[in-house]
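S.K.: Submitted below is the structure of interest, expressed as C-alpha cells.
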Amino acid sequence: MKKIKISQILFALGAIMLLLLFLSPIWSITLTAPQYPNGISMYIWINKITGDTESTLQNINILNHYIGMNFIEPDSIKELTYFPYVIISMSILGLIIAFIKKGWLKVSWVVIMIILAIAGIYDFYLWEYNYGHNLSPHAPIKIPDMVYQPPLFGEKMLLNFKSESYPYIGSLWFGLSIVFGLLSYIFYRKERKNVQ
Amino acid sequence: MKNTLFTIIIISAIIFGCSKKQENAQGAMASGDAAQKVYVAPGNYDEFYAFMSGGFSGQVSVYGLPSGRLFKVIPVFSVDAEKSYGFNEETKPLLETSFGFIPWDDAHHPELSQTEGVPDGRWLFINGNNTPRIARIDLSLFETVEIIEIPNSSGNHSSPFTTENTEYIVAGTRFSVPFPQKDVPIGDTKFDGTLSFIKVGKDGKMEIAFQILVPGFDYDLAHSGKGKSHGWVFFTCYNTEQKNTLKEVNASQNDKDFIAAVNWKKAEEYLKQGKAKEYPVSYKHNWLDEKSQVAKSEEIKTVKVLTPADCPGLIYYLPTPKSPHGVDVDPTGEYIVGAGKLSADMAVHSFDKLLKAIENKDFEKTINGIPVIKFDKVVAGMVTKTGLGPLHTEFDGKGYAYTSFFITSEIVKWKLGTWEVVDRIPTYYSIGHLMIPGGDSKKPWGKYVVALNKITKDRYLPTGPELAQSAQLIDISGDKMKLLLDFPTVGEPHYAQALPAELVKPKSKQFFNLKDNNHPYKTLSENETKVVRQGNVVRVYMTMIRSHFSPDNIEGIQVGDNVYFHVTNLEQDFDVPHGFAVLGATNAELLIMPGQTETFYWNPKKVGIYPFYCSDFCSALHQEMQGYIRVSPKGANVPLKWWVGEPSAKK
C-alpha cells in the first residue's frame, strides 16, 4: 500500500479548487454616481454575468443606451459557453496529473493555467474595449472623443459614473490553484530527493 | 432743548439696543437647543414615522419625527389626481359604496395594527366619518388596499380602534339613525345606535363579524382594553338625552353620560350560541388584489346583530361626567380615562373595580337591557383642577398621562394613581388630539408628544382666509415638557399614530416584480405590445421604459371609441415611475410604479392628432418620452396601426 504524498494532495486540491469558479464571480465592475449612492455592481462569472439583483443588467443597459453602447446580453457572449468546459477539463486533467509521477506534467499544467489566465484577462480587455468603443451612431448623447471602456483593474470616471473594476473571489481560487500546483511541484522535487 | 432730546435718544437707543441684544441671546440659546433636537442632517433619517389623519381632506399624511418633514400624502377616501387614485380603472372600485362611487370622506383616526398590544408596522386603519367606512393601508406600500363600508351606521367617529392583537377593529354611530333605515318623522323620535366589530384576518382582510344594537346615544370615541382588560372595548357616548335638534344645548343637559364597556369575548360566545340575528343590508367591501394590483368591489347583503337584552354581560354603561369625548386606556389596562369635555374634572375608572361591580351587581338602573354601574363603584379617582375642555389622553409608559385641553389650549401632565397634575404647557391654539408614539399601546415610546391643534391663527405666514393646520412637537423626555417645533399639516389632523421607523422601513417595497404582475391586461415586454379593437372598445397594450412608450404612434382610433390604455412600466429599479397623460383627457394622469400595470380610460370626442407623454420626469430623455394618437371620424377606413421607431416596423 503506497502512502499518498503531500505533493499529490496539493496538486489534487489545486485542481479541485478550480471548480469553485462555478460558485463565485471572477471579476466585478461597480458603477457609482450621485443617483446611485450604493453603486450598481455587475459580476463576471466563468459561465454567466449577473448583477446585485435580477434587474441590474436591464438597469445598466438602460443607462448604456443613452450613449449608444451595445446591450450586455450574456447569451450572446460565446466565451461564457466554452470557458466552463476549459475549466472542467483543466480540473480533470489536474486530478489525473496529481497522481502521475512526472514533474514536467505538473509544470506544463501550471504553465497552461498561467497562459489561460493571461488569455482570459486579455479576452476580458477586448470585450471591454469593444463595449466601450463600439457605439451606435444614433446615440442620443454623443460626446466627441469620449469612449466608455471600463478599466481592467482600478478606477475610472465614465461621465457621471465612477467605474471600479477589480478581481473577485473566483480569481483568488484560480490564483491559488496555480500556487498549489507550484507548491506541489516543489514538494514533488523534495520527495524525489528523499527517495534517492 | 436740542441737546436734551439728543441725550434722550442716545440713552434710549443704548437701553433699547442692550435689552434687544439680551433677548436675542436668550432666544438663540433656547431655540438652539430645540433646533438641535429636531435637526435631522441631510441624508439622515427620522427616528419615527408619524401618520396623521387628513381630516376633511380624506387622506393620511406621513411625517418624520422629530423633523416634522412631510414624506407622503396617502390617498384614502378622497380621489387624488396626482396618483390617479380613484381615476384609473384599478382603484375606482375602492371608492364604491352602497350609495355609489364617492370621491370624498372625512378621515379621523389612524390606528396602527398591533401585536401583543404594541404597534407592529403591518397596517394602518382609518375611519371615514361621513359615509361610514374603514380603510386599511398596507405599510409596505403606503397605499390604501382595502375599504369596508359599515352598514346600519352613520357618523362613524368612534372608530377604528384596534384590540391587542388586531383581532378586531371597531366602529360606532355618532349620529343615531333608525334601525333599519326608514321614513319616520324626525321630531322626538329616538333613533338607534350600533357598535360594530370588524374582524381582521391574518392577511389583513376585514369582515364585519357582528354589530350590537344599542340606544341611540352619540358614540364618540373608543379604545380597547389591554393586558388585564384585553377582551373589552370602551366607547364614550354623549347625547344620552337623545335629542335631535339644537344638540349643543339639548345634548348637554345630563350631568353624566356614559362609557360603554363591551365584552367582545362574551360576544363571541353569544355568536357561537347563535344569539345573533341576521339582518338584510347592503354594503360594499372593496379590496386591492395584491398580485394584479386591481381592486374589486363586492356587495354584502347580511349582517349579524346582537341585542344586549338577549345577551347578559355583553355590555355595561359606566357613568362619566359630562359629554365625555376621548376614552383612553393606560398601558397596564387598569385605568380607563374618560375626558368629560364639558366638565372641569376628569373621571378615571378602574377595570378591577368594574369587574367587582359587575360581580356584586352594583347597578343603578338598566337601559334597554344594559346595566348602568353605580359611578362610585367604578371610579378610581378624579383628576381635578386641570383645565377646561379635556379631550384626549395619551401615556408615556412611565406612569404619566398627558391630556389635551381644548378650551384652555394646553397639555396637562398628570400622574396615574395619585391623579396630581405635575406639569402643563400651552399649545397654539386649541389642541384637539395629542399623540405620543405608541401612546395608546402597551409600550409607549415616550419621547415626544405631538399636539394636533384645531386653530392656527398667526403661527405661520398667512395664506389668505384658509390656513394650514398646526402641529407642535413637544419633548417629554424630562420632567418638564418643552416645545421643540411647529409644523403645518395637511387637512385637519384629528388623531395620529407614530412608531419607530425601524418597524416599517426595512419592509418598504421598492418596486413591483414584473414576474409577479398578474394584471389581466399586463404587457411584459415590448414584443407583446398591441392594439386590439372589439366594436367600439379599443384596448392598447402599452409598455414604458426609459425613455419611450411602445407603441408611441397609434392610428385607427375613431371619435366616440372607448379606449383603454393598459400601460405597464417595464422598469425594475427603485424610484423610476413613469407618468401617462393624453391631451384633452377628462380624468387624470397615470402614475405607474415599476412593474405595475395601470389603465387609463379615454373617450375622444374630436378628430385630430393627440399627443401623449410621460408626466413624471424620469430620465435625461424624459422630454422625448412622448407619442401621437390619430383620431379619425367615426366609420373612417383608417386601419388600426401602431408602431415604435419606424412605421415600417409595424407589427
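Scheme for the C-alpha cells: letters A, B, ... for chains in order shown; per-chain residue numbers from 1; ligand numbers from 1 in order shown.
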Could you produce a table of the residues of chain B lying within 8 Å of chain A, with the nearest pair of atoms per residue and their separation in Å rounded to one decimal, using only C-alpha atoms, ordered by chain and increasing residue number, as CSV?

M.R.:
```
residue,atom,partner,partner_atom,distance
B:Arg546,CA,A:Ile62,CA,6.8
B:Glu571,CA,A:Asn59,CA,7.8
B:Gln572,CA,A:Ser55,CA,5.8
B:Asp573,CA,A:Asn59,CA,6.9
```

S.K.: Could you write out, as a PyMOL selection string, all the residues of range 8-181 of chain A that DSSP marks as strand (DSSP E)?

M.R.: chain A and resi 27-33+36-44+49-51+154-158+161-167

S.K.: With only C-alpha atoms as the atoms that count, which of A:Pro84, A:Gly68, A:Pro74, A:Pro34 lies nearest to Phe22 in chain A?

M.R.: A:Pro84

S.K.: Need the shell around range 326-329 of chain B: protein/DNA/RNA residues with any atom at most 9 Å away, counting only C-alpha atoms. Skip same-chain ones fewer than 5 positions apart. Format as JSON, numbers by chain?

M.R.: {"B": [220, 221, 222, 223, 224, 225, 226, 234, 235, 236, 259, 334, 335, 336, 337, 338, 339, 340, 341, 390, 391, 392, 393, 394, 395, 433, 440, 441]}

S.K.: Excluding Asn61 in chain A and its own-chain neighbours fewer than 4 positions away, which residues fall within 9 Å of it when counting only C-alpha atoms? Please give them as a ChimeraX atom specification.

M.R.: /A:56-57,65,69-72

S.K.: Print the selection's residues with N, CA, C and O atoms to a file, as a PDB file, in the first residue's frame.

M.R.:
```pdb
ATOM      1  N   THR A  56     -30.436  44.120 -12.467  1.00  0.00           N
ATOM      2  CA  THR A  56     -29.277  45.008 -12.616  1.00  0.00           C
ATOM      3  C   THR A  56     -28.837  45.161 -14.074  1.00  0.00           C
ATOM      4  O   THR A  56     -28.562  46.271 -14.533  1.00  0.00           O
ATOM      5  N   LEU A  57     -28.765  44.050 -14.812  1.00  0.00           N
ATOM      6  CA  LEU A  57     -28.304  44.143 -16.194  1.00  0.00           C
ATOM      7  C   LEU A  57     -29.239  45.018 -17.015  1.00  0.00           C
ATOM      8  O   LEU A  57     -28.792  45.843 -17.810  1.00  0.00           O
ATOM      9  N   HIS A  65     -27.837  52.720 -23.039  1.00  0.00           N
ATOM     10  CA  HIS A  65     -28.427  53.016 -24.343  1.00  0.00           C
ATOM     11  C   HIS A  65     -28.431  54.506 -24.665  1.00  0.00           C
ATOM     12  O   HIS A  65     -28.463  54.890 -25.820  1.00  0.00           O
ATOM     13  N   MET A  69     -24.140  52.423 -26.251  1.00  0.00           N
ATOM     14  CA  MET A  69     -23.401  51.165 -26.042  1.00  0.00           C
ATOM     15  C   MET A  69     -24.311  49.989 -26.380  1.00  0.00           C
ATOM     16  O   MET A  69     -25.540  50.082 -26.268  1.00  0.00           O
ATOM     17  N   ASN A  70     -23.688  48.900 -26.786  1.00  0.00           N
ATOM     18  CA  ASN A  70     -24.469  47.693 -27.064  1.00  0.00           C
ATOM     19  C   ASN A  70     -25.085  47.166 -25.765  1.00  0.00           C
ATOM     20  O   ASN A  70     -24.533  47.386 -24.681  1.00  0.00           O
ATOM     21  N   PHE A  71     -26.202  46.476 -25.877  1.00  0.00           N
ATOM     22  CA  PHE A  71     -26.785  45.830 -24.706  1.00  0.00           C
ATOM     23  C   PHE A  71     -25.886  44.682 -24.265  1.00  0.00           C
ATOM     24  O   PHE A  71     -25.351  43.968 -25.112  1.00  0.00           O
ATOM     25  N   ILE A  72     -25.710  44.543 -22.992  1.00  0.00           N
ATOM     26  CA  ILE A  72     -24.953  43.394 -22.481  1.00  0.00           C
ATOM     27  C   ILE A  72     -25.921  42.223 -22.402  1.00  0.00           C
ATOM     28  O   ILE A  72     -26.861  42.244 -21.611  1.00  0.00           O
TER      29      ILE A  72
END
```

S.K.: Could you tell me how far CA of Thr320 in chain B sits from CA of Cys237 in chain B, in Å to one decimal place?

M.R.: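 Rounded to one decimal, the two atoms are 9.2 Å apart.
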
S.K.: Where in range 11-180 of chain A does DSSP assign alpha helix (DSSP H), given as an NGL selection string?

M.R.: :A and (11-17 or 56-65 or 79-98 or 103-133 or 169-180)

S.K.: Can you tell me which residues surround range 143-160 of chain A at a distance of at most 7 Å, considering only C-alpha atoms, apart from same-chain residues fewer than 4 positions away, and format the answer as a PDB file with N, CA and C atoms, in the first residue's frame?

M.R.:
```pdb
ATOM      1  N   ALA A  33     -22.684  56.686  -8.884  1.00  0.00           N
ATOM      2  CA  ALA A  33     -22.984  58.049  -9.324  1.00  0.00           C
ATOM      3  C   ALA A  33     -23.820  58.678  -8.230  1.00  0.00           C
ATOM      4  N   TYR A 125     -10.341  42.204 -21.618  1.00  0.00           N
ATOM      5  CA  TYR A 125      -9.946  43.543 -22.054  1.00  0.00           C
ATOM      6  C   TYR A 125     -10.575  43.847 -23.421  1.00  0.00           C
ATOM      7  N   GLU A 128     -14.239  44.504 -23.059  1.00  0.00           N
ATOM      8  CA  GLU A 128     -14.469  45.851 -22.527  1.00  0.00           C
ATOM      9  C   GLU A 128     -14.211  46.910 -23.594  1.00  0.00           C
ATOM     10  N   TYR A 129     -13.131  46.688 -24.375  1.00  0.00           N
ATOM     11  CA  TYR A 129     -12.764  47.644 -25.417  1.00  0.00           C
ATOM     12  C   TYR A 129     -13.914  47.768 -26.414  1.00  0.00           C
ATOM     13  N   TYR A 131     -17.121  47.024 -26.018  1.00  0.00           N
ATOM     14  CA  TYR A 131     -18.309  47.685 -25.462  1.00  0.00           C
ATOM     15  C   TYR A 131     -18.104  49.187 -25.343  1.00  0.00           C
ATOM     16  N   GLY A 132     -16.903  49.577 -25.001  1.00  0.00           N
ATOM     17  CA  GLY A 132     -16.636  50.985 -24.751  1.00  0.00           C
ATOM     18  C   GLY A 132     -16.454  51.795 -26.025  1.00  0.00           C
ATOM     19  N   HIS A 133     -16.025  51.143 -27.114  1.00  0.00           N
ATOM     20  CA  HIS A 133     -15.726  51.880 -28.348  1.00  0.00           C
ATOM     21  C   HIS A 133     -16.793  51.731 -29.420  1.00  0.00           C
ATOM     22  N   GLU A 164     -15.459  51.083 -11.161  1.00  0.00           N
ATOM     23  CA  GLU A 164     -14.372  50.377 -10.456  1.00  0.00           C
ATOM     24  C   GLU A 164     -14.369  48.919 -10.877  1.00  0.00           C
ATOM     25  N   SER A 165     -13.218  48.449 -11.296  1.00  0.00           N
ATOM     26  CA  SER A 165     -13.134  47.072 -11.777  1.00  0.00           C
ATOM     27  C   SER A 165     -12.035  46.338 -11.018  1.00  0.00           C
ATOM     28  N   TYR A 166     -12.404  45.256 -10.371  1.00  0.00           N
ATOM     29  CA  TYR A 166     -11.422  44.511  -9.583  1.00  0.00           C
ATOM     30  C   TYR A 166     -11.715  43.008  -9.658  1.00  0.00           C
TER      31      TYR A 166
END
```

S.K.: Considering only C-alpha atoms, return as a PyMOL selection string whatever protein or nucleic-acid residues lie within 7 Å of Glu492 in chain B, sequence-local ones (same chain, fewer than 3 positions apart) excluded.

M.R.: chain B and resi 54-56+469

S.K.: Would you put the residues from that selection into a file with all heavy atoms, as a PDB file, in the first residue's frame?

M.R.:
```pdb
ATOM      1  N   GLY B  54     -55.904  63.147   7.625  1.00  0.00           N
ATOM      2  CA  GLY B  54     -56.059  64.389   6.870  1.00  0.00           C
ATOM      3  C   GLY B  54     -57.402  65.041   7.136  1.00  0.00           C
ATOM      4  O   GLY B  54     -57.757  66.010   6.479  1.00  0.00           O
ATOM      5  N   GLY B  55     -58.190  64.508   8.092  1.00  0.00           N
ATOM      6  CA  GLY B  55     -59.479  65.099   8.398  1.00  0.00           C
ATOM      7  C   GLY B  55     -60.333  65.237   7.160  1.00  0.00           C
ATOM      8  O   GLY B  55     -60.482  64.288   6.390  1.00  0.00           O
ATOM      9  N   PHE B  56     -60.840  66.443   6.915  1.00  0.00           N
ATOM     10  CA  PHE B  56     -61.751  66.662   5.788  1.00  0.00           C
ATOM     11  C   PHE B  56     -61.062  66.562   4.436  1.00  0.00           C
ATOM     12  O   PHE B  56     -61.703  66.694   3.408  1.00  0.00           O
ATOM     13  CB  PHE B  56     -62.496  67.983   5.936  1.00  0.00           C
ATOM     14  CG  PHE B  56     -61.625  69.140   6.339  1.00  0.00           C
ATOM     15  CD1 PHE B  56     -60.704  69.663   5.464  1.00  0.00           C
ATOM     16  CD2 PHE B  56     -61.729  69.690   7.609  1.00  0.00           C
ATOM     17  CE1 PHE B  56     -59.891  70.721   5.835  1.00  0.00           C
ATOM     18  CE2 PHE B  56     -60.913  70.752   7.995  1.00  0.00           C
ATOM     19  CZ  PHE B  56     -59.992  71.265   7.096  1.00  0.00           C
ATOM     20  N   GLN B 469     -53.103  73.614   8.916  1.00  0.00           N
ATOM     21  CA  GLN B 469     -53.341  73.193  10.290  1.00  0.00           C
ATOM     22  C   GLN B 469     -51.993  73.137  10.995  1.00  0.00           C
ATOM     23  O   GLN B 469     -50.949  73.086  10.359  1.00  0.00           O
ATOM     24  CB  GLN B 469     -54.012  71.815  10.306  1.00  0.00           C
ATOM     25  CG  GLN B 469     -55.280  71.759   9.501  1.00  0.00           C
ATOM     26  CD  GLN B 469     -56.476  72.387  10.183  1.00  0.00           C
ATOM     27  OE1 GLN B 469     -56.606  72.314  11.388  1.00  0.00           O
ATOM     28  NE2 GLN B 469     -57.345  72.992   9.411  1.00  0.00           N
TER      29      GLN B 469
END
```

S.K.: Counting only C-alpha atoms, which residue out of A:Gly175, A:Asn194, A:Ile169, A:Leu95 sits closest to Leu10 in chain A?

M.R.: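 Ranked by minimum distance to Leu10 in chain A, first place goes to A:Leu95.
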
S.K.: Which residue is closest to Ala251 in chain B? Choose from B:Ser292, B:Asn239, B:Asn453, B:Val40 and count only C-alpha atoms.

M.R.: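 Checking each of B:Ser292, B:Asn239, B:Asn453, B:Val40 against Ala251 in chain B, counting only C-alpha atoms, the winner is B:Asn239.
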
S.K.: Could you tell me which of A:Gly51, A:Gly39, A:Gly94, A:Gly103 comes closest to Leu18 in chain A if we count only C-alpha atoms?

M.R.: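 Once distances to Leu18 in chain A are computed over only C-alpha atoms, the minimum belongs to A:Gly94.
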
S.K.: Contacts of Phe363 in chain B at 8 Å or less, counting only C-alpha atoms, minus same-chain residues fewer than 3 places along, as a PyMOL selection string?

M.R.: chain B and resi 357-358+366+371-374

S.K.: Write the residues you've just listed into a file as a PDB file, in the first residue's frame, and include C-alpha atoms for each of them.

M.R.:
```
ATOM      1  CA  ALA B 357     -69.109  45.962  40.472  1.00  0.00           C
ATOM      2  CA  ILE B 358     -70.344  43.536  37.824  1.00  0.00           C
ATOM      3  CA  THR B 366     -80.811  49.234  33.275  1.00  0.00           C
ATOM      4  CA  PRO B 371     -76.867  47.686  33.267  1.00  0.00           C
ATOM      5  CA  VAL B 372     -75.604  51.103  34.381  1.00  0.00           C
ATOM      6  CA  ILE B 373     -72.894  50.658  37.014  1.00  0.00           C
ATOM      7  CA  LYS B 374     -73.001  52.924  40.075  1.00  0.00           C
TER       8      LYS B 374
END
```

S.K.: Can you measure CA of Asp479 in chain B to CA of Arg424 in chain B for me? One decimal in Å is fine.

M.R.: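 Those two atoms sit 10.7 Å apart.
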